[in-house]
There are 2 protein chains.
Amino acid sequence: MAWARWGSHPWLVLLCVYAWGHPKSLDQREDVRNCSISPPYLPVTAVNTTAQLTALRQQMYIHNLSAYIVPDTDAHMSEYIGEYDQRRAWITGFTGSAGVAVVTMGKASLWTDSRYWTQAERQMDCNWELHKEVGTTPIVTWLLTEIPVGARVGVDPFLFSINSWESYAKALQVSDRELLSIPVNLVDLVWGSERPPVPSEPIYALQEAFTGSTWQEKVAGIRSQMQKHLEAPTAVLLSALDETAWLFNLRGSDIPYNPFFYSYTLLTDSSIRLFANKSRFSSETLQYLNSGCTGPLCVQVEDYSQVSGSVQAYASGDVKIWIGTSYTSYGLYELIPKEKLIEDTYSPVMVTKAVKNSKEQTLLRASHVRDAVAVIRYLVWLEKNVPQGTVDEFSGAEQLEKFRGEEEFFSGSSFETISASGLNAALAHYSPTRELHRKLSSDEIYLLDSGGQYWDGTTDVTRTVHWGTPSAFQKEAYTRVLIGNIDLSRLVFPAATSGRMVEAFARKALWDVGLNYGHGTGHGIGNFLCVHEWPVGFQSSNIAMAKGMFTSIEPGYYLDGEFGIRLEDVALVVEAKTKYPGTYLTFEVVSLVPYDRNLIDVSLLSSEQLQYLNRYYQIIREKVGPELQRRQLQEEFSWLQRHTEPLTARAGPTTSLAPLVTVSALAILGWSV
Amino acid sequence: MAWARWGSHPWLVLLCVYAWGHPKSLDQREDVRNCSISPPYLPVTAVNTTAQLTALRQQMYIHNLSAYIVPDTDAHMSEYIGEYDQRRAWITGFTGSAGVAVVTMGKASLWTDSRYWTQAERQMDCNWELHKEVGTTPIVTWLLTEIPVGARVGVDPFLFSINSWESYAKALQVSDRELLSIPVNLVDLVWGSERPPVPSEPIYALQEAFTGSTWQEKVAGIRSQMQKHLEAPTAVLLSALDETAWLFNLRGSDIPYNPFFYSYTLLTDSSIRLFANKSRFSSETLQYLNSGCTGPLCVQVEDYSQVSGSVQAYASGDVKIWIGTSYTSYGLYELIPKEKLIEDTYSPVMVTKAVKNSKEQTLLRASHVRDAVAVIRYLVWLEKNVPQGTVDEFSGAEQLEKFRGEEEFFSGSSFETISASGLNAALAHYSPTRELHRKLSSDEIYLLDSGGQYWDGTTDVTRTVHWGTPSAFQKEAYTRVLIGNIDLSRLVFPAATSGRMVEAFARKALWDVGLNYGHGTGHGIGNFLCVHEWPVGFQSSNIAMAKGMFTSIEPGYYLDGEFGIRLEDVALVVEAKTKYPGTYLTFEVVSLVPYDRNLIDVSLLSSEQLQYLNRYYQIIREKVGPELQRRQLQEEFSWLQRHTEPLTARAGPTTSLAPLVTVSALAILGWSV
């Protein structure tokens, strides 16, 4: 799990209620602003935004606008955005990943969720009101009190999804205000030379060893879907950055944690148009895109800035353009006449990419073996160093990145590491900083949610550990989270079942006793692509489960002010063998890190759950053990053996003395997933 | 479960694939038409529709239409429709409950699902093509091949839901055809004197003993919701027949199986307008609606036919009309300017009605006790008579209705009884007729799905029985269906969870071995109202579960050509007591008929499932036993004791010798739901 932009999803509101239910008064604190006294108190972290607001209001005046909305995304609806796109941060001073700003002639307001309330009070000056809500409705409700009937609200249409635009437009229209599309971004106009430069790092082709198919095969596959489509599309327009990266097996470094580059693709039945800055391609890469090609299989690289003009020109012909509405900006959408659009929630590239072929599966599995080595090295390191009192959340995260950095094909973290001790673990999104962090202790629960980008795959794994004596409640909660993980992982379900229909199996053991968690249960993941790869997962907007998909499975439990637990694995959707014939699926977990035996109350597990867990441990031994030995990581190998010894129903939680007979029994059973 | 119009829901398509996957050639049979020979062969059951088609085409010509669509619903989107509304049956000859007809100048076509293919071939003449598909897409696809660009397709907008209209309109518009709203129904114009008369039976008020609140209290409750609504509605427009029946505690008999009368209600902040034929109200009923009332609490009865004019006139003022889009026809919808509409999926009456107050709960429970008496009497009667070979599916259903008819407050069946023996039980919707039925046998499974309308409540219960020696597979399938019923019934889940998120618990035991069922898992139910009362249930369009709702829980299993199993209970949503504090819910089953011990393989049940089942049996004894004794039904009482004896894990399937000690053990455990 990572968190940056999951904030746009409804369950996050629920999460906030769970995890941060009791905000405290900030009036007495020195690290946050106090705008209710005169003169206002501003901490050193606050940013003076008077000049930028004045400049923005001049632009609003020129465009005859009563209000201007500055959202938190980029033109590709990216989960993480580059510095070049941090408009909301520049205009407000607030750098959190989620939050929408609205400026009127007299006021300036920010809406963000509870994760960021304190940060906003630290970073914003008193030009800004903080609204502790999210979503279109509270923003529009506020606007209606601030601007008169007939007033115009401006937005950059490239920073709004189609749904988001329509939601604002409708709400304003019924109240006789107008939403206005202004294709020139007004913040950019006033940002001027302070704005970070357009990224210019090279765009490169992945080595063939790390790709599931050539880009030519992928293009042919998408074109074949176009030909079979009843509405006969003549083109597919790709807006999400991972769509273009996947299609051409190209990568870049424009976006933190994601190996992407600013781009669009217009794939027609007779041409391939890639919109990106041409100077960023080496001659080898250009040749890779065009060597020995003939007409419809030659990639025309056009400048990124040309996309609007090119799409508009193309749309003037006798064409049908197939789009995924989730990732297409309203700015591009409004350029295409309605009758020339074929609208699906997700583009055919998004849906095709969701199912990994066997080579991609092998690649992703391999990255998880190496990632397990790094995480296990870190857990061993923690076991030795935490009792010394020398590790904190931030230095720990650094150490983990060091271990990951020693793994082959590593290319950086796949999201900001969540390294959280004690009560910080109750904040499901928490990440420590060099300045603000907590010391790790044998007396507290420690939650680690992290992942790596490797050339062969993207990883994401969460383990929760306790080195001392956990409370009975902590053990019960941990074990129920584990049972949820196990029960969903071993579920057998019909092909094409939606994740939404089965995710409650990850919650049932918690529900049984009145516990729950306020976030989603999992998300898709890519091959050196997004750590949250839509549209796979367990939410209502996800597509049905199919063989070859990868999803995380990550139940948790959070007690505000006390501790937090999450156990996250990545799993592959595989065919299940059932007693009676039928097309059934189940999961095969590919994350290979043992759970914390110190936190498991074996008496809560059914014999089937125990059997499943021991089989998983056996697989970890088989897959990670030899790798540790090959690398001569003997201490880690011993640790792995200890931590994957079969658990038995009779034994207590520390089962290092588990009888060997259990291993034999399992072997005799020939138990398989 | 009943089936008439569930056909409009997506899962039915799935069901058809499951249950009727192998249609056989009908060419050789005498009971169905054969239009491929010359002259065509028509069975005696076929209806000559040449005259009505000619007359309809004349009307189409007058209106300059290339096609006319005749759907299968009424102006209230009713599940069951009265004879007066059987337009599709009259124009096609086909009397099945689901099917859409389209007439062009040269062709006539019917689309229906696999339940009705044979019936359509029996009843239609060769004027009609049969299309074995359902949904808007195949109909529009066919239309595009039959009518030219620019052509006009006419419909009666009162017979289309808003969604259905928009789906047709959009699909035709993108292909340059036009959907045209013609408020006068063309079939009615040509139906003439053959058309059944408008219902004229009295509309009556329910006795106070059978209502949860007075109509004045209900009106005040809805008005209070209007006042609290952010968009400030000035009126609620009610189109579904059960909305008006519920609001005023009025009932009628215009619709089969449903105690409703043709009506609309426009409830404004200052008036109450009930649209129904005034002559059908007795002076007492009129007084009931208006005794001692003052202005806003007086019910103005206006003629049913005035609704369009009155709504249009009201909508010309400074008003906001709140509607539920699911049950409002496009005919009324198009009369109201968009900016004066507040659209929710379900009206506030629909949502309020979904939660029963404590009196309504008591009433519904009481009706289930008496209904259990009738069903148990029938099961005892079957046990004696089936071995004699004297019972068939139809005579059995008649006997059941006779038993129900002897119960207090009985007012008819709540849907057409599904009484299905052997392979007929694999057809999940099957109902026998006087002419076509199968004999019940001790060698076959018998499935009974039936319900009653009582003044205090509506019931719906399914039991599957076998009087001989079921196969091992039948017992396994039955037990897995039972486990599904038990596991969903005893599930503990957070308040406001959607049914969709938990319904898979009813499937898991089947999924485990590669089995499944192709229909939904349950539906809401009313107090002497609809047997399928939306929006409660387990489908994605249902609202979240709340304390006080009633839903059926009805997993099943069907083996095409062999047998079928379904176990359906009605359950009340109640608060669950959890170990840790929180607002959690669970179900309390209110159907009180034992399952068939002969079909239960106890070895498949976990100890928790067994405990739950035995506790349920104890409750049946406590609630139904005294009623049987009071009625001096001694044979039935003994039967009940035998069939509710606690099952034990050690004992085999016939546990009539189950040790008494188990009862004591349960009593000691003090086990509760």
# chains A, B, ... in the order shown; residues from 1 in each chain; ligands from 1
$ select_by_dssp --residues "region 111-208 of chain B" --states "alpha helix (DSSP H)" --output "PyMOL selection string"
chain B and resi 117-123+136-146+162-174+186-191
$ closest_atom_pairs --of "chain A" --to "chain B" --cutoff "8 Å" --atoms "only C-alpha atoms" --output "Markdown table"
| residue | atom | partner | partner_atom | distance |
| --- | --- | --- | --- | --- |
| A:Val174 | CA | B:Glu339 | CA | 6.1 |
| A:Glu339 | CA | B:Val174 | CA | 6.2 |
| A:Leu491 | CA | B:Asp512 | CA | 7.7 |
| A:Val492 | CA | B:Asp512 | CA | 5.6 |
| A:Phe493 | CA | B:Trp511 | CA | 5.6 |
| A:Pro494 | CA | B:Trp511 | CA | 7.0 |
| A:Arg500 | CA | B:Met501 | CA | 6.2 |
| A:Met501 | CA | B:Met501 | CA | 5.1 |
| A:Val502 | CA | B:Ala504 | CA | 6.4 |
| A:Glu503 | CA | B:Met501 | CA | 7.3 |
| A:Ala504 | CA | B:Met501 | CA | 6.2 |
| A:Lys508 | CA | B:Phe493 | CA | 7.6 |
| A:Trp511 | CA | B:Phe493 | CA | 5.6 |
| A:Asp512 | CA | B:Val492 | CA | 5.6 |
| A:Val513 | CA | B:Lys579 | CA | 4.8 |
| A:Gly514 | CA | B:Thr578 | CA | 5.1 |
| A:Leu515 | CA | B:Tyr580 | CA | 7.0 |
| A:Thr578 | CA | B:Val513 | CA | 4.9 |
| A:Lys579 | CA | B:Val513 | CA | 4.8 |
| A:Tyr580 | CA | B:Gly514 | CA | 5.1 |
| A:Pro581 | CA | B:Gly514 | CA | 6.2 |
| A:Gly582 | CA | B:Gly514 | CA | 5.7 |
| A:Thr583 | CA | B:Gly514 | CA | 7.7 |
| A:Tyr584 | CA | B:Gly514 | CA | 6.6 |
$ atom_distance --atom1 "CA of Gly389 (chain A)" --atom2 "CA of Lys475 (chain A)"
23.4 Å
$ residues_around --residues "His437 (chain B)" --least-positions-apart "4" --cutoff "10 Å" --atoms "only C-alpha atoms" --output "PyMOL selection string"
chain B and resi 392-395+419-421+424+431-433
$ residues_around --residues "Asn185 (chain B)" --least-positions-apart "3" --cutoff "9 Å" --atoms "only C-alpha atoms" --output "list of chain:residue names"
B:Val155, B:Asp156, B:Pro157, B:Phe158, B:Ile182, B:Asp188, B:Leu189
$ write_last_selection --atoms "all heavy atoms" --output "PDB file, in the first residue's frame"
ATOM      1  N   VAL B 155     -42.302   5.128 -29.004  1.00  0.00           N
ATOM      2  CA  VAL B 155     -42.607   4.395 -27.774  1.00  0.00           C
ATOM      3  C   VAL B 155     -43.593   5.203 -26.939  1.00  0.00           C
ATOM      4  O   VAL B 155     -43.703   6.422 -27.083  1.00  0.00           O
ATOM      5  CB  VAL B 155     -41.345   4.148 -26.896  1.00  0.00           C
ATOM      6  CG1 VAL B 155     -40.337   3.284 -27.610  1.00  0.00           C
ATOM      7  CG2 VAL B 155     -40.725   5.451 -26.453  1.00  0.00           C
ATOM      8  N   ASP B 156     -44.313   4.493 -26.076  1.00  0.00           N
ATOM      9  CA  ASP B 156     -45.130   5.134 -25.043  1.00  0.00           C
ATOM     10  C   ASP B 156     -44.195   5.445 -23.880  1.00  0.00           C
ATOM     11  O   ASP B 156     -43.704   4.535 -23.217  1.00  0.00           O
ATOM     12  CB  ASP B 156     -46.236   4.168 -24.610  1.00  0.00           C
ATOM     13  CG  ASP B 156     -47.069   4.735 -23.464  1.00  0.00           C
ATOM     14  OD1 ASP B 156     -46.687   5.777 -22.883  1.00  0.00           O
ATOM     15  OD2 ASP B 156     -48.113   4.115 -23.152  1.00  0.00           O
ATOM     16  N   PRO B 157     -43.899   6.712 -23.619  1.00  0.00           N
ATOM     17  CA  PRO B 157     -42.879   7.054 -22.616  1.00  0.00           C
ATOM     18  C   PRO B 157     -43.279   6.647 -21.201  1.00  0.00           C
ATOM     19  O   PRO B 157     -42.426   6.601 -20.321  1.00  0.00           O
ATOM     20  CB  PRO B 157     -42.771   8.580 -22.729  1.00  0.00           C
ATOM     21  CG  PRO B 157     -44.122   9.001 -23.215  1.00  0.00           C
ATOM     22  CD  PRO B 157     -44.565   7.912 -24.153  1.00  0.00           C
ATOM     23  N   PHE B 158     -44.557   6.346 -20.997  1.00  0.00           N
ATOM     24  CA  PHE B 158     -44.994   5.934 -19.661  1.00  0.00           C
ATOM     25  C   PHE B 158     -44.647   4.475 -19.365  1.00  0.00           C
ATOM     26  O   PHE B 158     -44.762   4.018 -18.244  1.00  0.00           O
ATOM     27  CB  PHE B 158     -46.496   6.175 -19.485  1.00  0.00           C
ATOM     28  CG  PHE B 158     -46.824   7.627 -19.344  1.00  0.00           C
ATOM     29  CD1 PHE B 158     -47.127   8.399 -20.466  1.00  0.00           C
ATOM     30  CD2 PHE B 158     -46.761   8.244 -18.105  1.00  0.00           C
ATOM     31  CE1 PHE B 158     -47.384   9.754 -20.345  1.00  0.00           C
ATOM     32  CE2 PHE B 158     -47.027   9.598 -17.977  1.00  0.00           C
ATOM     33  CZ  PHE B 158     -47.333  10.364 -19.106  1.00  0.00           C
ATOM     34  N   ILE B 182     -44.354   9.142 -27.718  1.00  0.00           N
ATOM     35  CA  ILE B 182     -45.745   9.337 -28.161  1.00  0.00           C
ATOM     36  C   ILE B 182     -46.651   9.027 -26.981  1.00  0.00           C
ATOM     37  O   ILE B 182     -46.912   7.857 -26.668  1.00  0.00           O
ATOM     38  CB  ILE B 182     -46.062   8.415 -29.358  1.00  0.00           C
ATOM     39  CG1 ILE B 182     -45.049   8.702 -30.470  1.00  0.00           C
ATOM     40  CG2 ILE B 182     -47.487   8.607 -29.833  1.00  0.00           C
ATOM     41  CD1 ILE B 182     -45.227   7.843 -31.680  1.00  0.00           C
ATOM     42  N   ASP B 188     -52.986   0.473 -27.331  1.00  0.00           N
ATOM     43  CA  ASP B 188     -54.293   0.739 -26.719  1.00  0.00           C
ATOM     44  C   ASP B 188     -55.296   1.225 -27.767  1.00  0.00           C
ATOM     45  O   ASP B 188     -56.470   0.853 -27.739  1.00  0.00           O
ATOM     46  CB  ASP B 188     -54.163   1.796 -25.612  1.00  0.00           C
ATOM     47  CG  ASP B 188     -53.344   1.287 -24.433  1.00  0.00           C
ATOM     48  OD1 ASP B 188     -52.969   0.094 -24.443  1.00  0.00           O
ATOM     49  OD2 ASP B 188     -53.072   2.082 -23.518  1.00  0.00           O
ATOM     50  N   LEU B 189     -54.809   2.052 -28.694  1.00  0.00           N
ATOM     51  CA  LEU B 189     -55.709   2.585 -29.728  1.00  0.00           C
ATOM     52  C   LEU B 189     -56.334   1.468 -30.559  1.00  0.00           C
ATOM     53  O   LEU B 189     -57.493   1.552 -30.951  1.00  0.00           O
ATOM     54  CB  LEU B 189     -54.949   3.545 -30.667  1.00  0.00           C
ATOM     55  CG  LEU B 189     -54.555   4.911 -30.087  1.00  0.00           C
ATOM     56  CD1 LEU B 189     -53.859   5.743 -31.157  1.00  0.00           C
ATOM     57  CD2 LEU B 189     -55.786   5.650 -29.555  1.00  0.00           C
TER      58      LEU B 189
END
$ select_by_dssp --residues "region 342-514 of chain A" --states "strand (DSSP E or B)" --output "NGL selection string"
:A and (342-344 or 392 or 410-413 or 418-421 or 439 or 446-450 or 452-454 or 457-458 or 461-465 or 493-494 or 498)
$ residues_around --residues "region 478-486 of chain B" --least-positions-apart "5" --cutoff "7 Å" --atoms "only C-alpha atoms" --output "compact mmCIF listing (two decimals) with N, CA, C and O atoms, in the first residue's frame"
# COMPACT_ATOMS: atom_id res chain seq x y z
N PHE B 505 -20.69 -14.85 1.01
CA PHE B 505 -20.67 -15.82 2.11
C PHE B 505 -21.72 -16.91 1.90
O PHE B 505 -21.58 -18.02 2.40
N ALA B 506 -22.77 -16.60 1.14
CA ALA B 506 -23.79 -17.61 0.83
C ALA B 506 -23.33 -18.54 -0.29
O ALA B 506 -23.96 -19.56 -0.56
N ARG B 507 -22.24 -18.21 -0.96
CA ARG B 507 -21.76 -18.99 -2.09
C ARG B 507 -20.50 -19.79 -1.77
O ARG B 507 -20.17 -20.74 -2.48
N LYS B 508 -19.77 -19.37 -0.76
CA LYS B 508 -18.42 -19.91 -0.55
C LYS B 508 -18.39 -21.44 -0.47
O LYS B 508 -17.53 -22.08 -1.09
N ALA B 509 -19.33 -22.04 0.27
CA ALA B 509 -19.29 -23.50 0.45
C ALA B 509 -19.49 -24.21 -0.89
O ALA B 509 -18.94 -25.30 -1.12
N LEU B 510 -20.23 -23.60 -1.79
CA LEU B 510 -20.39 -24.16 -3.14
C LEU B 510 -19.14 -23.90 -3.97
O LEU B 510 -18.61 -24.80 -4.63
N ILE B 553 -32.81 -14.67 2.20
CA ILE B 553 -31.48 -15.24 2.01
C ILE B 553 -31.71 -16.56 1.31
O ILE B 553 -32.36 -17.44 1.87
N GLU B 554 -31.24 -16.70 0.07
CA GLU B 554 -31.70 -17.85 -0.70
C GLU B 554 -30.68 -18.41 -1.69
O GLU B 554 -30.85 -18.32 -2.90
N PRO B 555 -29.62 -19.02 -1.16
CA PRO B 555 -28.71 -19.70 -2.07
C PRO B 555 -29.38 -20.94 -2.68
O PRO B 555 -30.40 -21.42 -2.16
N GLY B 556 -28.80 -21.44 -3.74
CA GLY B 556 -29.36 -22.63 -4.39
C GLY B 556 -28.30 -23.35 -5.20
O GLY B 556 -27.12 -22.95 -5.24
N TYR B 557 -28.71 -24.42 -5.81
CA TYR B 557 -27.84 -25.12 -6.76
C TYR B 557 -28.74 -25.84 -7.76
O TYR B 557 -29.74 -26.44 -7.37
N ILE B 565 -31.97 -27.24 -6.12
CA ILE B 565 -32.04 -27.05 -4.68
C ILE B 565 -32.08 -25.56 -4.41
O ILE B 565 -31.32 -24.79 -5.01
N LEU B 567 -32.74 -23.01 -0.73
CA LEU B 567 -33.17 -22.88 0.66
C LEU B 567 -33.30 -21.39 0.95
O LEU B 567 -32.30 -20.69 1.00
N LEU B 599 -31.51 -34.75 3.70
CA LEU B 599 -30.58 -34.23 2.69
C LEU B 599 -29.35 -33.58 3.30
O LEU B 599 -28.48 -33.09 2.59
N ILE B 600 -29.28 -33.56 4.62
CA ILE B 600 -28.13 -32.91 5.27
C ILE B 600 -27.02 -33.92 5.55
O ILE B 600 -27.26 -34.94 6.18
N ASP B 601 -25.83 -33.62 5.07
CA ASP B 601 -24.65 -34.41 5.42
C ASP B 601 -23.95 -33.67 6.56
O ASP B 601 -23.18 -32.74 6.34
N GLN B 609 -21.46 -24.04 12.66
CA GLN B 609 -22.64 -24.12 11.80
C GLN B 609 -23.70 -25.03 12.41
O GLN B 609 -24.89 -24.74 12.39
$ closest_residue --among "A:Arg630, A:Arg88, A:Lys218, A:Arg29" --to "Val349 (chain A)" --atoms "only C-alpha atoms"
A:Lys218
$ residues_around --residues "Val319 (chain B)" --least-positions-apart "4" --cutoff "8 Å" --atoms "only C-alpha atoms" --output "list in words"
Pro233, Thr234, Ala235, Tyr314, Ala315 and Lys340 of chain B
$ write_last_selection --atoms "all heavy atoms" --output "compact mmCIF listing (two decimals), in the first residue's frame"
# COMPACT_ATOMS: atom_id res chain seq x y z
N PRO B 233 -36.44 20.38 -1.63
CA PRO B 233 -37.57 19.98 -2.47
C PRO B 233 -38.87 20.56 -1.93
O PRO B 233 -39.04 20.70 -0.72
CB PRO B 233 -37.57 18.45 -2.35
CG PRO B 233 -36.85 18.14 -1.08
CD PRO B 233 -35.83 19.23 -0.93
N THR B 234 -39.77 20.91 -2.86
CA THR B 234 -41.10 21.38 -2.43
C THR B 234 -42.11 20.24 -2.55
O THR B 234 -43.23 20.37 -2.06
CB THR B 234 -41.57 22.55 -3.29
OG1 THR B 234 -41.65 22.09 -4.67
CG2 THR B 234 -40.60 23.72 -3.21
N ALA B 235 -41.74 19.15 -3.23
CA ALA B 235 -42.67 18.04 -3.41
C ALA B 235 -41.92 16.74 -3.65
O ALA B 235 -40.77 16.75 -4.09
CB ALA B 235 -43.58 18.32 -4.60
N TYR B 314 -48.01 21.84 -11.78
CA TYR B 314 -47.25 22.09 -10.56
C TYR B 314 -45.81 22.48 -10.90
O TYR B 314 -45.23 23.40 -10.31
CB TYR B 314 -47.26 20.85 -9.65
CG TYR B 314 -46.51 21.05 -8.37
CD1 TYR B 314 -47.07 21.80 -7.33
CD2 TYR B 314 -45.23 20.52 -8.20
CE1 TYR B 314 -46.36 22.01 -6.14
CE2 TYR B 314 -44.52 20.74 -7.03
CZ TYR B 314 -45.09 21.48 -6.00
OH TYR B 314 -44.40 21.70 -4.84
N ALA B 315 -45.24 21.80 -11.90
CA ALA B 315 -43.85 22.03 -12.28
C ALA B 315 -43.64 23.40 -12.94
O ALA B 315 -42.50 23.82 -13.13
CB ALA B 315 -43.36 20.91 -13.20
N LYS B 340 -35.77 21.65 -12.16
CA LYS B 340 -36.75 21.56 -11.07
C LYS B 340 -36.83 20.14 -10.50
O LYS B 340 -37.72 19.83 -9.73
CB LYS B 340 -38.12 22.01 -11.57
CG LYS B 340 -38.12 23.47 -11.99
CD LYS B 340 -39.47 23.99 -12.35
CE LYS B 340 -39.35 25.48 -12.69
NZ LYS B 340 -40.65 26.06 -13.08
$ residues_around --residues "region 407-414 of chain A" --least-positions-apart "5" --cutoff "8 Å" --atoms "only C-alpha atoms" --output "list in words"
Tyr257, Asn258, Arg370, Asp371, Ala374, Glu401, Ser450, Gly451, Gly452, Gln453, Tyr454, Trp455, Asp456, Thr458, Thr459, Asp460, Cys530 and Val531 of chain A
$ write_last_selection --atoms "N, CA, C and O atoms" --output "short mmCIF file (atom, residue, chain, number, x, y, z; two decimals), in the first residue's frame"
data_model
loop_
_atom_site.label_atom_id
_atom_site.label_comp_id
_atom_site.auth_asym_id
_atom_site.auth_seq_id
_atom_site.Cartn_x
_atom_site.Cartn_y
_atom_site.Cartn_z
N TYR A 257 8.78 7.99 -7.83
CA TYR A 257 8.37 6.61 -7.56
C TYR A 257 7.85 5.86 -8.79
O TYR A 257 7.62 4.66 -8.73
N ASN A 258 7.60 6.56 -9.88
CA ASN A 258 7.06 5.93 -11.09
C ASN A 258 8.00 6.20 -12.25
O ASN A 258 8.34 7.35 -12.50
N ARG A 370 13.73 -11.30 -4.84
CA ARG A 370 14.82 -10.40 -4.45
C ARG A 370 14.35 -9.37 -3.42
O ARG A 370 15.07 -9.02 -2.49
N ASP A 371 13.11 -8.89 -3.60
CA ASP A 371 12.59 -7.93 -2.65
C ASP A 371 12.46 -8.57 -1.26
O ASP A 371 12.73 -7.92 -0.24
N ALA A 374 15.74 -8.45 0.53
CA ALA A 374 16.02 -7.14 1.14
C ALA A 374 15.22 -6.93 2.41
O ALA A 374 15.74 -6.45 3.43
N GLU A 401 16.18 0.93 2.37
CA GLU A 401 16.45 1.33 0.98
C GLU A 401 17.87 0.91 0.59
O GLU A 401 18.12 0.53 -0.56
N SER A 450 6.33 -0.95 2.39
CA SER A 450 7.32 -0.42 1.47
C SER A 450 7.36 -1.25 0.20
O SER A 450 6.79 -2.34 0.14
N GLY A 451 8.03 -0.74 -0.80
CA GLY A 451 8.14 -1.49 -2.04
C GLY A 451 9.24 -0.94 -2.91
O GLY A 451 9.74 0.17 -2.69
N GLY A 452 9.63 -1.73 -3.89
CA GLY A 452 10.71 -1.32 -4.78
C GLY A 452 10.28 -1.31 -6.24
O GLY A 452 9.36 -2.03 -6.63
N GLN A 453 10.95 -0.49 -7.01
CA GLN A 453 10.84 -0.56 -8.45
C GLN A 453 12.07 -1.33 -8.95
O GLN A 453 13.20 -0.93 -8.68
N TYR A 454 11.84 -2.42 -9.59
CA TYR A 454 12.91 -3.21 -10.22
C TYR A 454 12.60 -3.27 -11.70
O TYR A 454 11.44 -3.18 -12.10
N TRP A 455 13.61 -3.47 -12.51
CA TRP A 455 13.36 -3.51 -13.95
C TRP A 455 12.38 -4.61 -14.33
O TRP A 455 11.72 -4.54 -15.34
N ASP A 456 12.33 -5.65 -13.49
CA ASP A 456 11.42 -6.75 -13.81
C ASP A 456 10.07 -6.65 -13.12
O ASP A 456 9.13 -7.34 -13.53
N THR A 458 7.42 -4.41 -9.94
CA THR A 458 7.19 -3.46 -8.87
C THR A 458 6.70 -4.26 -7.66
O THR A 458 5.90 -5.18 -7.82
N THR A 459 7.20 -3.93 -6.47
CA THR A 459 6.80 -4.69 -5.27
C THR A 459 6.17 -3.77 -4.24
O THR A 459 6.35 -2.54 -4.28
N ASP A 460 5.44 -4.36 -3.33
CA ASP A 460 4.72 -3.64 -2.28
C ASP A 460 4.38 -4.66 -1.21
O ASP A 460 3.60 -5.58 -1.46
N CYS A 530 3.19 1.22 -12.24
CA CYS A 530 2.56 1.77 -11.04
C CYS A 530 2.52 0.76 -9.90
O CYS A 530 2.24 -0.41 -10.12
N VAL A 531 2.76 1.25 -8.68
CA VAL A 531 2.55 0.39 -7.51
C VAL A 531 1.05 0.23 -7.24
O VAL A 531 0.63 -0.78 -6.67
#
$ atom_distance --atom1 "CA of Ser78 (chain A)" --atom2 "CA of Thr45 (chain A)"
27.3 Å
$ atom_distance --atom1 "CA of Asn277 (chain A)" --atom2 "CA of Pro197 (chain A)"
13.2 Å
$ closest_residue --among "B:Phe261, B:Phe248, B:Tyr430, B:Phe538" --to "Ala220 (chain B)" --atoms "only C-alpha atoms"
B:Phe248
